[in-house]
>>> print(open('start26.tsv').read())   # TSV, C-alpha atoms
chain	number	residue	atom	x	y	z
A	208	MET	CA	-153.19	61.12	-7.93
A	209	ASN	CA	-149.69	59.66	-7.61
A	210	SER	CA	-149.01	57.43	-10.60
A	211	ASN	CA	-145.86	55.95	-9.03
A	212	PRO	CA	-146.97	54.77	-5.57
A	213	GLN	CA	-144.35	54.14	-2.91
A	214	PRO	CA	-144.24	50.77	-1.20
A	215	ALA	CA	-146.70	50.38	1.61
A	216	VAL	CA	-145.58	49.34	5.06
A	217	GLY	CA	-146.38	45.69	5.69
A	218	SER	CA	-145.33	42.18	4.86
A	219	SER	CA	-147.87	41.28	2.16
A	220	PRO	CA	-146.86	41.26	-1.51
A	221	ARG	CA	-147.94	44.30	-3.51
A	222	PRO	CA	-149.52	44.16	-7.02
A	223	TRP	CA	-146.17	44.92	-8.64
A	224	ASP	CA	-144.13	42.34	-6.65
A	225	LEU	CA	-143.00	39.08	-8.17
A	226	VAL	CA	-144.67	36.50	-5.97
A	227	LEU	CA	-143.48	33.18	-4.66
A	228	GLY	CA	-144.24	30.22	-6.90
A	229	GLY	CA	-142.74	31.67	-10.07
A	230	GLN	CA	-145.69	33.85	-11.08
A	231	ALA	CA	-144.86	36.67	-13.43
A	232	ALA	CA	-144.65	40.29	-12.35
A	233	ALA	CA	-147.46	42.72	-13.08
A	234	SER	CA	-146.71	44.88	-16.10
A	235	GLY	CA	-145.20	48.26	-15.38
A	236	ALA	CA	-143.57	47.15	-12.09
A	237	PRO	CA	-141.66	50.07	-10.58
A	238	PRO	CA	-137.88	49.82	-10.05
A	239	TYR	CA	-138.31	49.35	-6.30
A	240	ALA	CA	-140.49	46.24	-6.64
A	241	LEU	CA	-139.20	43.30	-4.58
A	242	VAL	CA	-138.36	40.21	-6.51
A	243	LEU	CA	-140.00	37.54	-4.36
A	244	GLY	CA	-143.01	39.33	-2.99
A	245	GLY	CA	-143.19	41.50	0.10
A	246	LEU	CA	-141.26	41.23	3.31
A	247	GLU	CA	-141.48	37.44	3.31
A	248	GLY	CA	-139.60	37.35	0.02
A	249	ALA	CA	-136.93	39.67	1.39
A	250	ARG	CA	-136.61	37.50	4.48
A	251	ARG	CA	-136.08	34.38	2.36
A	252	ARG	CA	-133.45	36.06	0.20
A	253	LEU	CA	-131.54	37.07	3.31
A	254	THR	CA	-131.36	33.46	4.50
A	255	ARG	CA	-131.12	31.55	1.23
A	256	GLY	CA	-129.78	33.88	-1.42
A	257	GLU	CA	-126.23	34.42	-2.62
A	258	GLU	CA	-124.24	37.00	-0.68
A	259	ALA	CA	-124.64	39.64	-3.42
A	260	VAL	CA	-128.42	39.11	-3.33
A	261	ARG	CA	-128.48	39.45	0.45
A	262	LEU	CA	-126.51	42.67	0.32
A	263	ALA	CA	-128.85	44.12	-2.30
A	264	THR	CA	-131.87	43.15	-0.19
A	265	LEU	CA	-130.82	44.96	3.00
A	266	PRO	CA	-131.67	48.55	1.91
A	267	GLN	CA	-135.10	47.40	0.74
A	268	LEU	CA	-136.00	46.44	4.31
A	269	LEU	CA	-136.13	50.13	5.23
A	270	GLN	CA	-139.30	50.41	3.12
A	271	TYR	CA	-141.20	48.15	5.50
A	272	GLY	CA	-141.24	50.31	8.64
A	273	PRO	CA	-140.91	48.58	12.05
A	274	ALA	CA	-141.22	45.11	10.52
A	275	GLY	CA	-138.38	45.82	8.11
A	276	LEU	CA	-136.29	47.30	10.91
A	277	ALA	CA	-136.75	44.09	12.91
A	278	GLU	CA	-135.52	42.05	9.94
A	279	LEU	CA	-132.51	44.34	9.58
A	280	VAL	CA	-131.66	43.80	13.25
A	281	ALA	CA	-132.08	40.05	12.75
A	282	ALA	CA	-129.64	40.16	9.82
A	283	LEU	CA	-127.12	42.00	11.98
A	284	ALA	CA	-127.57	39.58	14.86
A	285	GLY	CA	-127.37	36.28	13.08
A	286	ASN	CA	-126.83	36.26	9.33
A	287	SER	CA	-124.32	33.63	8.27
A	288	SER	CA	-122.49	36.17	6.07
A	289	TRP	CA	-120.17	38.55	7.89
A	290	ALA	CA	-120.37	41.01	4.97
A	291	VAL	CA	-124.17	41.09	5.36
A	292	ARG	CA	-123.85	41.70	9.09
A	293	LEU	CA	-121.45	44.59	8.47
A	294	ALA	CA	-123.72	46.11	5.82
A	295	ALA	CA	-126.71	45.79	8.17
A	296	TRP	CA	-124.73	47.49	10.94
A	297	ARG	CA	-123.89	50.39	8.65
A	298	LEU	CA	-127.50	50.87	7.69
A	299	LEU	CA	-128.69	50.72	11.29
A	300	SER	CA	-125.94	53.04	12.50
A	301	GLN	CA	-127.38	55.79	10.33
A	302	LEU	CA	-130.88	55.52	11.80
A	303	GLU	CA	-131.66	57.80	14.71
A	304	GLN	CA	-133.83	55.24	16.44
A	305	PRO	CA	-133.25	53.70	19.89
A	306	GLU	CA	-133.79	50.15	18.59
A	307	ALA	CA	-131.19	50.63	15.87
A	308	GLU	CA	-128.65	52.17	18.22
A	309	GLU	CA	-129.12	49.39	20.77
A	310	ALA	CA	-128.72	46.73	18.07
A	311	CYS	CA	-125.48	48.30	16.86
A	312	ARG	CA	-124.07	48.19	20.38
A	313	THR	CA	-125.27	44.67	21.14
A	314	TYR	CA	-124.44	42.92	17.86
A	315	SER	CA	-121.30	44.68	16.69
A	316	PRO	CA	-119.74	42.81	13.73
A	317	PHE	CA	-116.35	44.35	14.42
A	318	ARG	CA	-113.35	42.64	16.00
A	319	PRO	CA	-112.74	43.41	19.69
A	320	VAL	CA	-109.18	44.62	20.22
A	321	GLY	CA	-109.27	45.82	23.80
A	322	GLY	CA	-110.05	49.43	22.99
A	323	ALA	CA	-107.42	52.16	22.74
A	324	GLN	CA	-105.05	50.62	25.27
A	325	GLY	CA	-105.29	47.23	23.60
A	326	VAL	CA	-104.34	48.66	20.22
A	327	ILE	CA	-101.47	50.73	21.61
A	328	ALA	CA	-100.07	47.75	23.51
A	329	ALA	CA	-100.40	45.46	20.47
A	330	TYR	CA	-98.74	48.03	18.22
A	331	ARG	CA	-95.80	48.29	20.61
A	332	ARG	CA	-95.46	44.50	20.44
A	333	GLY	CA	-95.09	44.80	16.69
A	334	GLU	CA	-98.63	44.06	15.56
A	335	ARG	CA	-99.88	46.12	12.64
A	336	ASP	CA	-103.10	44.41	11.52
A	337	PHE	CA	-106.18	46.02	13.09
A	338	ALA	CA	-108.57	45.40	10.21
A	339	TYR	CA	-112.24	45.39	11.28
A	340	ALA	CA	-111.23	46.58	14.77
A	341	ASP	CA	-113.98	47.89	17.05
A	342	LEU	CA	-112.66	51.24	18.24
A	343	GLU	CA	-115.83	53.29	18.37
A	344	GLY	CA	-115.33	56.21	20.74
A	345	ALA	CA	-111.77	55.14	21.56
A	346	ASP	CA	-109.36	57.77	22.90
A	347	LEU	CA	-106.24	57.44	20.77
A	348	GLN	CA	-105.08	61.03	21.07
A	349	GLU	CA	-101.41	61.40	20.12
A	350	ALA	CA	-101.06	57.63	19.56
A	351	ARG	CA	-98.32	56.53	17.17
A	352	LEU	CA	-99.86	54.07	14.72
A	353	GLY	CA	-97.95	54.72	11.51
A	354	GLY	CA	-98.19	52.01	8.90
A	355	ALA	CA	-100.96	50.11	10.70
A	356	ASN	CA	-103.85	48.46	8.87
A	357	PHE	CA	-107.30	49.73	9.91
A	358	TYR	CA	-109.18	48.40	6.90
A	359	GLU	CA	-112.95	48.73	7.51
A	360	ALA	CA	-112.30	49.44	11.19
A	361	ASN	CA	-114.97	51.14	13.30
A	362	LEU	CA	-113.41	54.42	14.44
A	363	ARG	CA	-116.68	56.26	14.69
A	364	LYS	CA	-116.58	59.12	17.22
A	365	ALA	CA	-112.99	58.20	18.14
A	366	ASN	CA	-110.60	60.82	19.50
A	367	LEU	CA	-107.71	60.69	17.02
A	368	ARG	CA	-106.41	64.20	17.65
A	369	LEU	CA	-102.69	64.51	16.83
A	370	CYS	CA	-102.55	60.78	16.13
A	371	ASN	CA	-99.75	59.58	13.84
A	372	PHE	CA	-101.33	57.62	10.99
A	373	ASN	CA	-98.51	58.22	8.48
A	374	GLY	CA	-98.60	55.46	5.89
A	375	ALA	CA	-101.57	53.79	7.57
A	376	HIS	CA	-104.26	51.89	5.67
A	377	LEU	CA	-107.66	53.32	6.53
A	378	ARG	CA	-109.50	52.09	3.47
A	379	GLN	CA	-113.27	52.01	4.03
A	380	ALA	CA	-112.81	52.81	7.71
A	381	ASP	CA	-115.79	54.32	9.51
A	382	LEU	CA	-114.54	57.69	10.75
A	383	ARG	CA	-117.87	59.41	11.14
A	384	GLN	CA	-117.70	62.20	13.73
A	385	ALA	CA	-114.11	61.26	14.60
A	386	ASN	CA	-111.79	64.00	15.86
A	387	LEU	CA	-108.74	64.00	13.59
A	388	GLN	CA	-107.55	67.53	14.33
A	389	GLY	CA	-103.83	67.82	13.62
A	390	ALA	CA	-103.49	64.11	12.82
A	391	LYS	CA	-100.60	63.01	10.63
A	392	LEU	CA	-101.96	61.27	7.54
A	393	SER	CA	-99.01	61.60	5.18
A	394	GLY	CA	-98.99	58.71	2.74
A	395	ALA	CA	-102.11	57.25	4.35
A	396	LEU	CA	-104.81	55.53	2.31
A	397	LEU	CA	-108.34	56.68	3.13
A	398	GLU	CA	-109.94	55.38	-0.03
A	399	GLY	CA	-113.63	54.75	0.57
A	400	ALA	CA	-113.43	55.99	4.17
A	401	ASP	CA	-116.55	57.52	5.72
A	402	LEU	CA	-115.54	61.00	6.93
A	403	ARG	CA	-119.00	62.45	7.39
A	404	GLY	CA	-119.02	64.78	10.37
A	405	ALA	CA	-115.31	64.21	11.05
A	406	ASP	CA	-113.03	67.05	12.15
A	407	LEU	CA	-110.07	67.19	9.74
A	408	ARG	CA	-108.76	70.63	10.56
A	409	GLY	CA	-104.98	70.86	10.52
A	410	VAL	CA	-104.36	67.31	9.28
A	411	LYS	CA	-101.13	66.57	7.41
A	412	VAL	CA	-101.98	65.05	4.04
A	413	SER	CA	-98.75	64.79	2.06
A	414	GLY	CA	-99.37	62.08	-0.53
A	415	THR	CA	-102.65	61.06	1.09
A	416	SER	CA	-105.31	59.35	-1.02
A	417	LEU	CA	-108.92	60.31	-0.31
A	418	ARG	CA	-110.37	58.73	-3.43
A	419	GLY	CA	-113.89	57.47	-2.91
A	420	SER	CA	-114.11	58.84	0.63
A	421	GLN	CA	-117.32	60.46	1.85
A	422	LEU	CA	-117.65	63.99	3.24
A	423	SER	CA	-120.72	65.85	4.44
A	424	ASP	CA	-121.69	69.42	5.24
A	425	ALA	CA	-120.77	68.61	8.85
A	426	THR	CA	-117.20	67.58	7.95
A	427	HIS	CA	-114.72	70.19	9.19
A	428	LEU	CA	-111.76	70.70	6.85
A	429	GLU	CA	-109.64	73.49	5.49
A	430	GLU	CA	-109.76	74.84	1.93
A	431	ARG	CA	-106.54	73.10	0.87
A	432	LEU	CA	-107.84	69.65	1.85
A	433	ARG	CA	-111.23	70.27	0.28
A	434	HIS	CA	-109.55	71.15	-3.01
A	435	ILE	CA	-107.43	67.98	-2.86
A	436	TRP	CA	-110.52	65.86	-2.12
A	437	GLN	CA	-112.47	67.44	-4.95
A	438	LEU	CA	-109.64	66.96	-7.45
A	439	GLN	CA	-109.07	63.34	-6.46
A	440	ASN	CA	-112.75	62.48	-6.68
A	441	TRP	CA	-114.06	64.72	-9.46
A	442	GLY	CA	-111.01	65.87	-11.42
A	443	GLY	CA	-110.41	69.53	-12.20
A	444	GLU	CA	-111.01	70.12	-15.88
A	445	GLY	CA	-111.48	73.85	-16.49
A	446	GLN	CA	-111.43	74.78	-12.80
A	447	ASP	CA	-109.82	77.94	-11.46
A	448	LEU	CA	-107.41	77.15	-8.60
A	449	ALA	CA	-105.01	80.00	-9.21
A	450	GLY	CA	-102.70	80.65	-6.27
A	451	GLN	CA	-103.87	77.62	-4.29
A	452	ASP	CA	-101.57	75.53	-2.10
A	453	LEU	CA	-101.53	71.97	-3.44
A	454	SER	CA	-98.00	71.15	-2.37
A	455	LYS	CA	-97.23	67.45	-1.79
A	456	ALA	CA	-100.75	66.53	-2.89
A	457	ASP	CA	-101.52	63.16	-4.46
A	458	LEU	CA	-102.87	64.19	-7.88
A	459	ARG	CA	-101.92	61.13	-9.88
A	460	GLY	CA	-103.77	60.21	-13.04
A	461	LEU	CA	-106.28	63.06	-12.88
A	462	VAL	CA	-108.04	64.86	-15.73
A	463	LEU	CA	-106.95	68.48	-15.30
A	464	ARG	CA	-107.32	69.77	-18.83
A	465	GLN	CA	-107.48	73.58	-19.10
A	466	ILE	CA	-107.27	73.96	-15.34
A	467	CYS	CA	-105.98	77.31	-14.08
A	468	LEU	CA	-103.14	76.83	-11.59
A	469	ARG	CA	-101.46	80.12	-12.27
A	470	GLY	CA	-99.13	80.96	-9.37
A	471	ALA	CA	-100.21	77.83	-7.50
A	472	ASN	CA	-97.90	75.97	-5.12
A	473	LEU	CA	-97.46	72.45	-6.48
A	474	LYS	CA	-94.07	71.83	-4.94
A	475	ARG	CA	-93.41	68.08	-4.62
A	476	ALA	CA	-96.94	67.24	-5.73
A	477	ASP	CA	-97.48	63.87	-7.42
A	478	LEU	CA	-98.93	64.46	-10.89
A	479	ARG	CA	-97.76	61.25	-12.53
A	480	GLY	CA	-99.81	60.43	-15.59
A	481	SER	CA	-102.18	63.38	-15.15
A	482	ASN	CA	-103.69	65.19	-18.11
A	483	LEU	CA	-102.71	68.87	-17.90
A	484	GLU	CA	-103.25	69.65	-21.56
A	485	GLU	CA	-103.71	73.41	-22.12
A	486	ALA	CA	-103.40	74.03	-18.37
A	487	ASP	CA	-102.44	77.51	-17.14
A	488	LEU	CA	-99.36	77.00	-14.96
A	489	ARG	CA	-97.77	80.39	-15.41
A	490	GLY	CA	-95.51	81.22	-12.50
A	491	ALA	CA	-96.47	78.04	-10.66
A	492	ASN	CA	-94.10	76.46	-8.15
A	493	LEU	CA	-93.38	72.98	-9.51
A	494	GLN	CA	-90.12	72.36	-7.71
A	495	ARG	CA	-89.40	68.62	-7.42
A	496	THR	CA	-92.89	67.88	-8.67
A	497	ASP	CA	-93.38	64.39	-10.12
A	498	LEU	CA	-94.73	64.80	-13.67
A	499	ARG	CA	-93.61	61.49	-15.10
A	500	GLY	CA	-95.72	60.61	-18.12
A	501	ALA	CA	-97.91	63.67	-17.65
A	502	ASN	CA	-99.65	65.26	-20.64
A	503	LEU	CA	-98.59	68.93	-20.73
A	504	GLN	CA	-99.26	69.52	-24.41
A	505	SER	CA	-99.97	73.19	-25.16
A	506	ALA	CA	-99.75	73.98	-21.42
A	507	ASP	CA	-98.67	77.49	-20.46
A	508	LEU	CA	-95.65	77.16	-18.15
A	509	GLU	CA	-94.20	80.60	-18.72
A	510	GLY	CA	-92.04	81.59	-15.75
A	511	ALA	CA	-92.82	78.35	-13.90
A	512	ASP	CA	-90.30	77.00	-11.39
A	513	LEU	CA	-89.57	73.42	-12.43
A	514	ARG	CA	-86.23	73.02	-10.68
A	515	GLY	CA	-85.55	69.40	-9.89
A	516	ALA	CA	-88.88	68.33	-11.39
A	517	GLU	CA	-89.34	64.77	-12.61
A	518	LEU	CA	-90.45	64.99	-16.25
A	519	ARG	CA	-89.46	61.62	-17.67
A	520	GLN	CA	-91.65	60.75	-20.68
A	521	ALA	CA	-93.69	63.91	-20.18
A	522	GLN	CA	-95.53	65.21	-23.24
A	523	LEU	CA	-94.67	68.92	-23.65
A	524	GLN	CA	-95.43	69.38	-27.33
A	525	GLY	CA	-96.39	72.96	-28.08
A	526	ALA	CA	-95.99	74.01	-24.44
A	527	ASN	CA	-95.00	77.56	-23.53
A	528	LEU	CA	-91.77	77.27	-21.50
A	529	ARG	CA	-90.58	80.84	-21.89
A	530	ARG	CA	-88.47	81.93	-18.90
A	531	ALA	CA	-89.28	78.65	-17.11
A	532	ASP	CA	-86.57	77.20	-14.87
A	533	LEU	CA	-85.82	73.53	-15.55
A	534	SER	CA	-82.47	73.48	-13.76
A	535	GLY	CA	-81.72	70.01	-12.46
A	536	ALA	CA	-84.93	68.58	-13.91
A	537	ASN	CA	-85.12	65.09	-15.40
A	538	LEU	CA	-86.24	65.39	-19.03
A	539	GLU	CA	-85.26	61.91	-20.14
A	540	GLN	CA	-87.50	60.71	-23.01
A	541	ALA	CA	-89.67	63.83	-22.70
A	542	ASN	CA	-91.06	65.46	-25.85
A	543	LEU	CA	-90.54	69.21	-26.36
A	544	GLU	CA	-91.47	69.28	-30.03
A	545	GLY	CA	-92.83	72.70	-30.97
A	546	ALA	CA	-92.33	74.08	-27.44
A	547	GLN	CA	-91.51	77.76	-26.96
A	548	ILE	CA	-88.30	77.99	-24.94
A	549	GLU	CA	-87.06	81.58	-25.14
A	550	GLY	CA	-85.21	82.38	-21.90
A	551	LEU	CA	-85.53	78.77	-20.66
A	552	LYS	CA	-83.08	77.79	-17.91
A	553	HIS	CA	-81.94	74.16	-18.06
A	554	SER	CA	-78.60	73.95	-16.26
A	555	GLY	CA	-77.94	70.42	-15.05
A	556	ALA	CA	-81.09	68.97	-16.66
A	557	ARG	CA	-80.92	65.32	-17.70
A	558	ILE	CA	-81.81	64.96	-21.37
A	559	ALA	CA	-81.16	61.36	-22.49
A	560	GLY	CA	-83.74	60.52	-25.16
A	561	LEU	CA	-85.23	64.02	-25.12
A	562	ILE	CA	-87.07	65.18	-28.25
A	563	PHE	CA	-86.00	68.80	-28.75
A	564	PRO	CA	-88.26	71.63	-30.00
A	565	ASP	CA	-87.22	71.05	-33.60
A	566	GLY	CA	-88.66	67.53	-33.39
A	567	THR	CA	-85.31	65.69	-33.40
A	568	PRO	CA	-83.40	63.83	-30.66
A	569	LEU	CA	-80.22	65.65	-31.64
A	570	LYS	CA	-78.97	68.10	-29.05
A	571	PRO	CA	-78.71	71.58	-30.69
A	572	TRP	CA	-75.56	73.61	-30.31
A	573	TRP	CA	-77.31	76.25	-28.23
A	574	TRP	CA	-78.66	73.83	-25.58
>>> encode(input="start26.tsv", output="structure tokens")
Amino acid sequence: MNSNPQPAVGSSPRPWDLVLGGQAAASGAPPYALVLGGLEGARRRLTRGEEAVRLATLPQLLQYGPAGLAELVAALAGNSSWAVRLAAWRLLSQLEQPEAEEACRTYSPFRPVGGAQGVIAAYRRGERDFAYADLEGADLQEARLGGANFYEANLRKANLRLCNFNGAHLRQADLRQANLQGAKLSGALLEGADLRGADLRGVKVSGTSLRGSQLSDATHLEERLRHIWQLQNWGGEGQDLAGQDLSKADLRGLVLRQICLRGANLKRADLRGSNLEEADLRGANLQRTDLRGANLQSADLEGADLRGAELRQAQLQGANLRRADLSGANLEQANLEGAQIEGLKHSGARIAGLIFPDGTPLKPWWW
């Protein structure tokens, strides 16, 4: 016998629900118990509760079968809170049911912008704000939309192949099943974007942030982009990414302790403030890489190419820099105390405020 029964379909309160009138909950109420008793309680919270309460109530409606679905559609169609309507739309858009699909088409909470042609024409006029735009299924192939704001826009199933989104804001945009093949996303912000089922093959992602974005097994992307997504969202402590191409990747502030990047291509990557303590970077290409404030204590950088690298305030105590090339690098206020530097090349390196391997700020005669 199941000791943790699932909610039954229907509108009546269950034994574990808190009922209207202030009565106390039955002891041992499960975590999914509704607070005001059944579907009627959920309905009242959606019309009278604070916005946060309404948003928390929406997913619970799915437990009530057709009756709950009808309430979800009602919330989409007429709730006084736009945020609630958007959240209801997102829930319904994931249900493979005709009623849900029809409701999403009929009661779209997104802003009409005249489709693909409307956006292109507005962009040419100098407009850049397309937040909450309704562009589902739009054909924007090869459109130039760099720097535009598509915050929480509906770009589901849109054709964005070869589109220029350099520097664009796509935070929390719905890009499910969108075709982004070959799109330019350099410097773009896709934080919190829904990329489930999207085609991201061949996209340009120099300095692109994918933090908090969602992928799925149906998302098409190449190994390089998958590694960048995984590092941005989960870090890389102890991982083996030897020989991988992570050039120009946005890897700021990540925990990468003891990661193996031996022979990896990190040219012009952004590693500001990242923790690379005890990392294996032997022979890695770190040309013009931004390592400002990075923790490289006890890291193995033997033979690494750090020409032109930005190492201001980097912590390199105890690092292995044998035969590394720091020509033209910026080492201002960096700390090399205890570092191994046999065969180190440092022609043209900037050293103001540098702590040398002997632990002093005094430039030795042999430097």
>>> axis_aligned_box(input="start26.tsv", around="region 485-491 of chain A", padding_each_side="8 Å", output="JSON")
{"center_x": -99.6, "center_y": 77.3, "center_z": -16.4, "size_x": 24.2, "size_y": 23.8, "size_z": 27.5}
>>> atom_distance(input="start26.tsv", atom1="CA of Ala345 (chain A)", atom2="CA of Arg332 (chain A)")
19.5 Å
>>> atom_distance(input="start26.tsv", atom1="CA of Ser454 (chain A)", atom2="CA of Asp381 (chain A)")
27.2 Å
>>> residues_near_point(input="start26.tsv", point="(-79.7, 70.7, -16.5)", cutoff="9 Å", atoms="all atoms listed in the file", output="PDB file with C-alpha atoms, in the frame of the given file")
ATOM      1  CA  GLY A 515     -85.550  69.400  -9.890  1.00  0.00           C
ATOM      2  CA  LEU A 533     -85.820  73.530 -15.550  1.00  0.00           C
ATOM      3  CA  SER A 534     -82.470  73.480 -13.760  1.00  0.00           C
ATOM      4  CA  GLY A 535     -81.720  70.010 -12.460  1.00  0.00           C
ATOM      5  CA  ALA A 536     -84.930  68.580 -13.910  1.00  0.00           C
ATOM      6  CA  ASN A 537     -85.120  65.090 -15.400  1.00  0.00           C
ATOM      7  CA  LEU A 538     -86.240  65.390 -19.030  1.00  0.00           C
ATOM      8  CA  LYS A 552     -83.080  77.790 -17.910  1.00  0.00           C
ATOM      9  CA  HIS A 553     -81.940  74.160 -18.060  1.00  0.00           C
ATOM     10  CA  SER A 554     -78.600  73.950 -16.260  1.00  0.00           C
ATOM     11  CA  GLY A 555     -77.940  70.420 -15.050  1.00  0.00           C
ATOM     12  CA  ALA A 556     -81.090  68.970 -16.660  1.00  0.00           C
ATOM     13  CA  ARG A 557     -80.920  65.320 -17.700  1.00  0.00           C
ATOM     14  CA  ILE A 558     -81.810  64.960 -21.370  1.00  0.00           C
TER      15      ILE A 558
END
>>> atom_distance(input="start26.tsv", atom1="CA of Asp512 (chain A)", atom2="CA of Lys570 (chain A)")
22.8 Å
>>> residues_around(input="start26.tsv", residues="Leu352 (chain A)", least_positions_apart="4", cutoff="10 Å", atoms="only C-alpha atoms", output="list in words")
Val326, Ile327, Tyr330, Arg331, Arg335, Leu347, Asn356, Phe357, Cys370, Asn371, Phe372, Asn373, Gly374, Ala375 and Lys391 of chain A
>>> closest_residue(input="start26.tsv", among="A:Lys455, A:Arg489, A:Arg250, A:Arg403", to="Leu468 (chain A)", atoms="only C-alpha atoms")
A:Arg489
>>> residues_near_point(input="start26.tsv", point="(-102.8, 63.4, 7.8)", cutoff="6 Å", atoms="only C-alpha atoms", output="PDB file with C-alpha atoms, in the frame of the given file")
ATOM      1  CA  ALA A 390    -103.490  64.110  12.820  1.00  0.00           C
ATOM      2  CA  LYS A 391    -100.600  63.010  10.630  1.00  0.00           C
ATOM      3  CA  LEU A 392    -101.960  61.270   7.540  1.00  0.00           C
ATOM      4  CA  SER A 393     -99.010  61.600   5.180  1.00  0.00           C
ATOM      5  CA  VAL A 410    -104.360  67.310   9.280  1.00  0.00           C
ATOM      6  CA  LYS A 411    -101.130  66.570   7.410  1.00  0.00           C
ATOM      7  CA  VAL A 412    -101.980  65.050   4.040  1.00  0.00           C
TER       8      VAL A 412
END
>>> closest_residue(input="start26.tsv", among="A:Ala476, A:Ala282, A:Leu428, A:Ala541", to="Ala559 (chain A)", atoms="only C-alpha atoms")
A:Ala541
>>> closest_residue(input="start26.tsv", among="A:Ala295, A:Ala360, A:Leu367, A:Leu246", to="Pro273 (chain A)", atoms="only C-alpha atoms")
A:Leu246
>>> closest_residue(input="start26.tsv", among="A:Asp532, A:Arg431, A:Glu544, A:Asn492", to="Ser505 (chain A)", atoms="all atoms listed in the file")
A:Glu544
>>> decode(input="start26.tsv", residues="region 557-568 of chain A", atoms="N, CA and C atoms", output="compact mmCIF listing (two decimals), in the first residue's frame")
# COMPACT_ATOMS: atom_id res chain seq x y z
N ARG A 557 55.19 43.89 -17.84
CA ARG A 557 55.00 45.00 -16.91
C ARG A 557 54.98 44.46 -15.48
N ILE A 558 55.78 45.07 -14.61
CA ILE A 558 56.02 44.45 -13.31
C ILE A 558 55.81 45.40 -12.13
N ALA A 559 55.17 46.54 -12.32
CA ALA A 559 54.96 47.47 -11.21
C ALA A 559 54.18 46.78 -10.08
N GLY A 560 54.76 46.80 -8.89
CA GLY A 560 54.10 46.19 -7.73
C GLY A 560 54.18 44.68 -7.67
N LEU A 561 54.96 44.07 -8.55
CA LEU A 561 55.08 42.61 -8.57
C LEU A 561 55.84 42.10 -7.35
N ILE A 562 55.32 41.04 -6.73
CA ILE A 562 56.06 40.33 -5.68
C ILE A 562 56.85 39.22 -6.36
N PHE A 563 58.20 39.30 -6.26
CA PHE A 563 59.05 38.35 -6.95
C PHE A 563 59.15 37.02 -6.19
N PRO A 564 59.73 36.00 -6.81
CA PRO A 564 59.78 34.67 -6.17
C PRO A 564 60.40 34.63 -4.79
N ASP A 565 61.30 35.58 -4.51
CA ASP A 565 61.91 35.58 -3.17
C ASP A 565 61.03 36.24 -2.13
N GLY A 566 59.82 36.66 -2.52
CA GLY A 566 58.87 37.22 -1.57
C GLY A 566 58.99 38.72 -1.37
N THR A 567 59.87 39.38 -2.13
CA THR A 567 60.05 40.83 -1.98
C THR A 567 59.58 41.54 -3.25
N PRO A 568 59.30 42.86 -3.12
CA PRO A 568 58.91 43.65 -4.29
C PRO A 568 60.12 44.25 -5.01
